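Notes follow once the structure below has been shown.
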Amino acid sequence: METEDSNVSRAEEIKVLANEAFKAHKYGQAIDLYTQAIEVNGENAVYWANRAFAHTKLEEYGSAIQDASKAIEIDPKYSKAKQTYLEFFGYYRRGAAYLAVGKFKDALKDFQQVKKLCPNDPDASKKLKECEKAVMKLKFEEAIAVPQSQRRSVADSIDFHSIGTSPSSSSMPAQVAIASVAVAVVAAAVMLVGMAKPAVVVAVLMVILLVLGAFWWGSCWGSGVFTKRGVMDLDVEPQYSGARIEGDIVTLDFVKKMMDDFKNQKCLHKRYAFQIVLQTREMLQALPSLVDINIPDGKHFTVCGDVHGQFYDLLNIFKLNGLPSEENPYLFNGDFVDRGSFSLEVILTLFAFKCMCPSAIYLSRGNHESKSMNKMYGFEGEVRSKLSETFVELFAEVFCCLPLAHVISGKVFVVHGGLFSVDGVKLSDIKAIDRFCEPPEEGLMCELLWSDPQPFPGRGPSKRGVGLSFGKDVTQRFLQDNSLDLVVRSHEVKDEGYEIEHDGKLITVFSAPNYCDQMGNKGAFIRFEAPDLKPNIVTFSAVTGGVRQLGWSTSDGGYCFLVFEFHSSYNDTARLMMSFCAFNMQPHPDVKPMAYANNFLRMFS
């Protein structure tokens, strides 16, 4: 009995430390401490519910669902930690995690249980009501959905060349045309009422309406005011002072002007936004699902991880490392959008550089380049607010054209998420994937976008609830099977902006510092130098063995460093293998992350 009491007390002490780590936004440390408390006393539902909350903060929704389910199993009537906070409630945590991965119907069941156990709690009632709205909306969308085979491309209905260029588009605006039709109809009615029978009057009015309506419709269609999908007033007004594209060519001067406008919170005209997105779509459609990139000897190549709508940090990357160009090429490794509230500025900037010089920038699809993620995490709402519904559909189509992975000089495999649930996957298998669709919930494409490495061998369930976790043996076999040296991936926030795992064969790089304005992490990017792209580096944290670290501080308090390796398993020649640059966040306008996210998700953020 004394030992049992001692364990309970010790577990509570560890829980207090875990709570402090959580409050300091050190969620990984909090998870470790809650785990220790569970190991001492696994029958306390609070520890499981708290760890579920910490997993949610790290977007490890699969693990959050498992922990919340365990809390419910231990005490199904447990509604609050010592009747104090509903937030610790097992059903509540699991419902929130289900919501985050788009399982609205499962989330609804849990919030119904929350309401049942706490019928008078206003917060529980509010969450349930919002969840019911989400499920009803989902059912409505499913009911009116058009089969894939019958869907028409919104991109094919838009000709940006004609927008704002036809004389009729400036000589007869929509409002003037409508007023003209109305005046004509009234005048005709006045003239005819006294000189014809009612039937004749009606017939003549109908003819007038049809002729004038057809004329107006035709002039608007020809000028690009109408598309097959809706109405758009897209003339470039004389007073528009923003960036302009002359003809079909996107120039560096245009991109610089556009970025400067974005920095000052000015909008790009829809006519030019259409041009950038449509031209990018055309280029991406022509690429394979796996793109080979060859770096000439003596040249360099930069790989960036998740940016997540943090436009001002994207500008800082370009400040530290130079603008994309043929001599300074980049690969942005997915998750350009969502969460950050400047996602539109990020994606238009990246697409504009792609239009300017296709070999200056390469783009890989992330799990957030999808309808379901964009609907929940902000990009859809942001695009609808800043542009239009037509652009929501257009971006969804273009995201389906993004390649899934890249190989740099036959040595480095770069993918957003990770590796596979089966061995023997060849690069040719990835290249053969039909990627022009929304990501499926299983299979190679899903795993490329969603999987994560784990510290132990083999494979395990995904902590996110989608994809899987894979160990260093899986990484090594994939590299051997495909004659590769290294896997570079993103998809996970890291305190230093990067992490090296699996005996140096896998590197995670994350380029969104202080993620969501609360994680306190650094951002990073990797510069590879040709021809030697095979790093044999285990750690960058100290000067040890044959590794010499040269560093310098930046004006914003960040820290950049190059790593030289002076020993190789192949020869003793000194080589510059790769360089990392870690950087801190940049100030941005007072627009909070998730400002455009699903209303229900904002309630939990």
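Residues are named by chain letter and number: chains run A, B, ... in the order of the structure tokens, numbers start at 1 in each chain, and ligands are numbered from 1 in the order shown.
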Proximity check segment 364-474 of chain A to segment 320-336 of chain A, 6 Å, nearest pairs one decimal Å, only C-alpha atoms, as a Markdown table:
```
| residue | atom | partner | partner_atom | distance |
| --- | --- | --- | --- | --- |
| A:Ser364 | CA | A:Asn333 | CA | 4.9 |
| A:Arg365 | CA | A:Gly334 | CA | 4.6 |
| A:Gly366 | CA | A:Gly334 | CA | 3.9 |
| A:His368 | CA | A:Asp335 | CA | 5.2 |
| A:His416 | CA | A:Asn333 | CA | 5.5 |
```
Can I get the selected residues back with C-alpha atoms, as a PDB file, in the first residue's frame?
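The file below, result_12.pdb, is the result:
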```pdb
ATOM      1  CA  SER A 364       6.976  19.076 -54.504  1.00  0.00           C
ATOM      2  CA  ARG A 365       3.533  18.223 -53.189  1.00  0.00           C
ATOM      3  CA  GLY A 366       2.933  18.025 -49.460  1.00  0.00           C
ATOM      4  CA  HIS A 368      -1.418  20.107 -47.197  1.00  0.00           C
ATOM      5  CA  HIS A 416       7.668  15.602 -48.301  1.00  0.00           C
TER       6      HIS A 416
END
```
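Note that the spacing between atom CA of Asp503 of chain A and atom CA of Gln480 of chain A amounts to 14.2 Å.
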Checklist entry - Per DSSP on the backbone, what are the alpha helix (DSSP H) residues of segment 359-521 of chain A, as a PyMOL selection string? => result chain A and resi 371-377+379-386+389-399+427-431+444-450+472-481
What would the file look like if the residues just selected were written as a short mmCIF file (atom, residue, chain, number, x, y, z; two decimals), in the first residue's frame with N, CA and C atoms?
```
data_model
loop_
_atom_site.label_atom_id
_atom_site.label_comp_id
_atom_site.auth_asym_id
_atom_site.auth_seq_id
_atom_site.Cartn_x
_atom_site.Cartn_y
_atom_site.Cartn_z
N LYS A 371 -7.49 19.28 -51.02
CA LYS A 371 -8.75 19.94 -50.69
C LYS A 371 -9.11 19.80 -49.22
N SER A 372 -8.99 18.58 -48.69
CA SER A 372 -9.43 18.35 -47.32
C SER A 372 -8.62 19.17 -46.32
N MET A 373 -7.31 19.24 -46.51
CA MET A 373 -6.48 20.04 -45.61
C MET A 373 -6.76 21.52 -45.79
N ASN A 374 -6.86 21.98 -47.04
CA ASN A 374 -7.09 23.40 -47.31
C ASN A 374 -8.43 23.87 -46.76
N LYS A 375 -9.41 22.98 -46.76
CA LYS A 375 -10.73 23.33 -46.25
C LYS A 375 -10.67 23.57 -44.74
N MET A 376 -9.86 22.80 -44.04
CA MET A 376 -9.83 22.90 -42.58
C MET A 376 -8.82 23.91 -42.07
N TYR A 377 -7.65 23.97 -42.72
CA TYR A 377 -6.52 24.68 -42.12
C TYR A 377 -6.24 26.06 -42.73
N PHE A 379 -6.28 27.64 -46.08
CA PHE A 379 -5.97 28.14 -47.42
C PHE A 379 -7.23 28.40 -48.22
N GLU A 380 -8.20 27.51 -48.13
CA GLU A 380 -9.44 27.70 -48.89
C GLU A 380 -10.14 28.99 -48.46
N GLY A 381 -10.25 29.21 -47.17
CA GLY A 381 -10.89 30.42 -46.68
C GLY A 381 -10.12 31.67 -47.06
N GLU A 382 -8.80 31.59 -47.03
CA GLU A 382 -7.96 32.73 -47.39
C GLU A 382 -8.13 33.09 -48.87
N VAL A 383 -8.11 32.07 -49.74
CA VAL A 383 -8.26 32.32 -51.17
C VAL A 383 -9.64 32.89 -51.47
N ARG A 384 -10.65 32.35 -50.83
CA ARG A 384 -12.01 32.85 -51.04
C ARG A 384 -12.12 34.30 -50.58
N SER A 385 -11.43 34.66 -49.51
CA SER A 385 -11.49 36.01 -48.97
C SER A 385 -10.70 37.00 -49.84
N LYS A 386 -9.52 36.57 -50.30
CA LYS A 386 -8.64 37.50 -51.02
C LYS A 386 -8.86 37.50 -52.53
N GLU A 389 -14.08 32.28 -55.31
CA GLU A 389 -14.37 30.86 -55.27
C GLU A 389 -13.73 30.14 -56.45
N THR A 390 -13.68 30.82 -57.61
CA THR A 390 -13.06 30.20 -58.79
C THR A 390 -11.61 29.83 -58.52
N PHE A 391 -10.89 30.67 -57.81
CA PHE A 391 -9.49 30.38 -57.49
C PHE A 391 -9.37 29.21 -56.53
N VAL A 392 -10.35 29.02 -55.65
CA VAL A 392 -10.33 27.86 -54.76
C VAL A 392 -10.28 26.58 -55.59
N GLU A 393 -11.16 26.49 -56.58
CA GLU A 393 -11.19 25.32 -57.44
C GLU A 393 -9.93 25.21 -58.28
N LEU A 394 -9.44 26.36 -58.75
CA LEU A 394 -8.26 26.35 -59.62
C LEU A 394 -7.03 25.86 -58.87
N PHE A 395 -6.80 26.36 -57.66
CA PHE A 395 -5.64 25.90 -56.88
C PHE A 395 -5.74 24.40 -56.59
N ALA A 396 -6.94 23.92 -56.30
CA ALA A 396 -7.12 22.49 -56.05
C ALA A 396 -6.68 21.67 -57.25
N GLU A 397 -7.01 22.14 -58.45
CA GLU A 397 -6.59 21.44 -59.66
C GLU A 397 -5.08 21.49 -59.84
N VAL A 398 -4.49 22.65 -59.60
CA VAL A 398 -3.05 22.80 -59.81
C VAL A 398 -2.27 21.97 -58.80
N PHE A 399 -2.74 21.90 -57.56
CA PHE A 399 -2.04 21.09 -56.55
C PHE A 399 -1.98 19.62 -56.97
N LEU A 427 12.28 3.57 -57.87
CA LEU A 427 12.02 4.92 -58.35
C LEU A 427 11.06 4.89 -59.54
N SER A 428 11.16 3.86 -60.34
CA SER A 428 10.25 3.74 -61.49
C SER A 428 8.81 3.57 -61.03
N ASP A 429 8.58 2.95 -59.87
CA ASP A 429 7.23 2.80 -59.33
C ASP A 429 6.66 4.16 -58.93
N ILE A 430 7.51 4.99 -58.36
CA ILE A 430 7.06 6.34 -57.97
C ILE A 430 6.76 7.17 -59.22
N LYS A 431 7.63 7.06 -60.21
CA LYS A 431 7.43 7.82 -61.45
C LYS A 431 6.13 7.41 -62.14
N LEU A 444 1.06 4.09 -52.16
CA LEU A 444 2.35 4.77 -52.30
C LEU A 444 2.22 6.28 -52.22
N MET A 445 1.24 6.84 -52.91
CA MET A 445 1.09 8.30 -52.91
C MET A 445 0.80 8.83 -51.52
N CYS A 446 -0.10 8.18 -50.81
CA CYS A 446 -0.41 8.58 -49.44
C CYS A 446 0.83 8.53 -48.57
N GLU A 447 1.61 7.47 -48.67
CA GLU A 447 2.77 7.29 -47.81
C GLU A 447 3.88 8.29 -48.13
N LEU A 448 4.04 8.64 -49.39
CA LEU A 448 5.01 9.67 -49.76
C LEU A 448 4.70 11.00 -49.09
N LEU A 449 3.42 11.31 -48.94
CA LEU A 449 3.01 12.61 -48.40
C LEU A 449 2.87 12.63 -46.88
N TRP A 450 2.65 11.46 -46.24
CA TRP A 450 2.25 11.45 -44.84
C TRP A 450 3.20 10.74 -43.88
N LYS A 472 15.13 2.89 -39.41
CA LYS A 472 16.33 3.09 -40.21
C LYS A 472 16.60 1.92 -41.15
N ASP A 473 16.17 0.71 -40.78
CA ASP A 473 16.37 -0.43 -41.68
C ASP A 473 15.54 -0.27 -42.95
N VAL A 474 14.35 0.31 -42.83
CA VAL A 474 13.52 0.57 -44.01
C VAL A 474 14.20 1.60 -44.90
N THR A 475 14.74 2.65 -44.27
CA THR A 475 15.46 3.67 -45.03
C THR A 475 16.66 3.08 -45.76
N GLN A 476 17.45 2.29 -45.06
CA GLN A 476 18.65 1.71 -45.66
C GLN A 476 18.32 0.79 -46.84
N ARG A 477 17.28 -0.02 -46.71
CA ARG A 477 16.91 -0.92 -47.81
C ARG A 477 16.42 -0.13 -49.03
N PHE A 478 15.65 0.92 -48.79
CA PHE A 478 15.17 1.74 -49.91
C PHE A 478 16.35 2.38 -50.64
N LEU A 479 17.30 2.92 -49.89
CA LEU A 479 18.46 3.54 -50.52
C LEU A 479 19.27 2.52 -51.30
N GLN A 480 19.50 1.36 -50.73
CA GLN A 480 20.26 0.32 -51.41
C GLN A 480 19.56 -0.16 -52.68
N ASP A 481 18.25 -0.37 -52.60
CA ASP A 481 17.49 -0.85 -53.75
C ASP A 481 17.52 0.12 -54.93
#
```
Next on the checklist: Can you tell me, as number ranges by chain, which residues in segment 224-448 of chain A count as strand (DSSP E) by DSSP?
Outcome noted: A: 226-227, 230-231, 290-293, 300-304, 330-332, 361-363, 405-408, 412-415
So that I have them on file, write out the residues from the current selection with C-alpha atoms, as a short mmCIF file (atom, residue, chain, number, x, y, z; two decimals), in the first residue's frame.
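The result, written out as selection.cif:
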```
data_model
loop_
_atom_site.label_atom_id
_atom_site.label_comp_id
_atom_site.auth_asym_id
_atom_site.auth_seq_id
_atom_site.Cartn_x
_atom_site.Cartn_y
_atom_site.Cartn_z
CA PHE A 226 -17.71 35.40 -67.69
CA THR A 227 -16.26 31.93 -67.55
CA GLY A 230 -19.09 31.83 -62.87
CA VAL A 231 -18.85 35.59 -63.12
CA LEU A 290 9.29 11.79 -59.85
CA VAL A 291 11.52 14.55 -61.20
CA ASP A 292 15.27 14.11 -61.77
CA ILE A 293 17.43 17.18 -61.08
CA HIS A 300 24.88 24.38 -55.61
CA PHE A 301 21.24 23.56 -54.90
CA THR A 302 19.01 24.56 -51.97
CA VAL A 303 16.27 22.44 -50.40
CA CYS A 304 13.64 24.08 -48.18
CA TYR A 330 15.65 25.86 -55.02
CA LEU A 331 13.41 22.91 -54.23
CA PHE A 332 10.50 23.70 -51.91
CA ILE A 361 12.59 26.53 -58.59
CA TYR A 362 11.17 23.05 -58.14
CA LEU A 363 8.00 22.32 -56.18
CA ALA A 405 9.28 13.50 -55.23
CA HIS A 406 12.64 14.55 -56.67
CA VAL A 407 16.06 12.92 -57.05
CA ILE A 408 19.09 15.22 -56.98
CA VAL A 412 19.53 12.34 -52.90
CA PHE A 413 15.85 11.36 -52.71
CA VAL A 414 13.68 14.31 -51.63
CA VAL A 415 10.07 13.77 -50.58
#
```
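The space separating atom CA of Phe470 of chain A from atom CA of His502 of chain A comes to 10.0 Å.
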Item to check | atom CA of Gly418 of chain A to atom CA of Val487 of chain A, distance in Å rounded to a single decimal | outcome: 8.4 Å
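Nearest to Ala18 of chain A of all the residues A:Gln36, A:Ser6, A:Asn44, A:Asn264 is A:Gln36, based on only C-alpha atoms.
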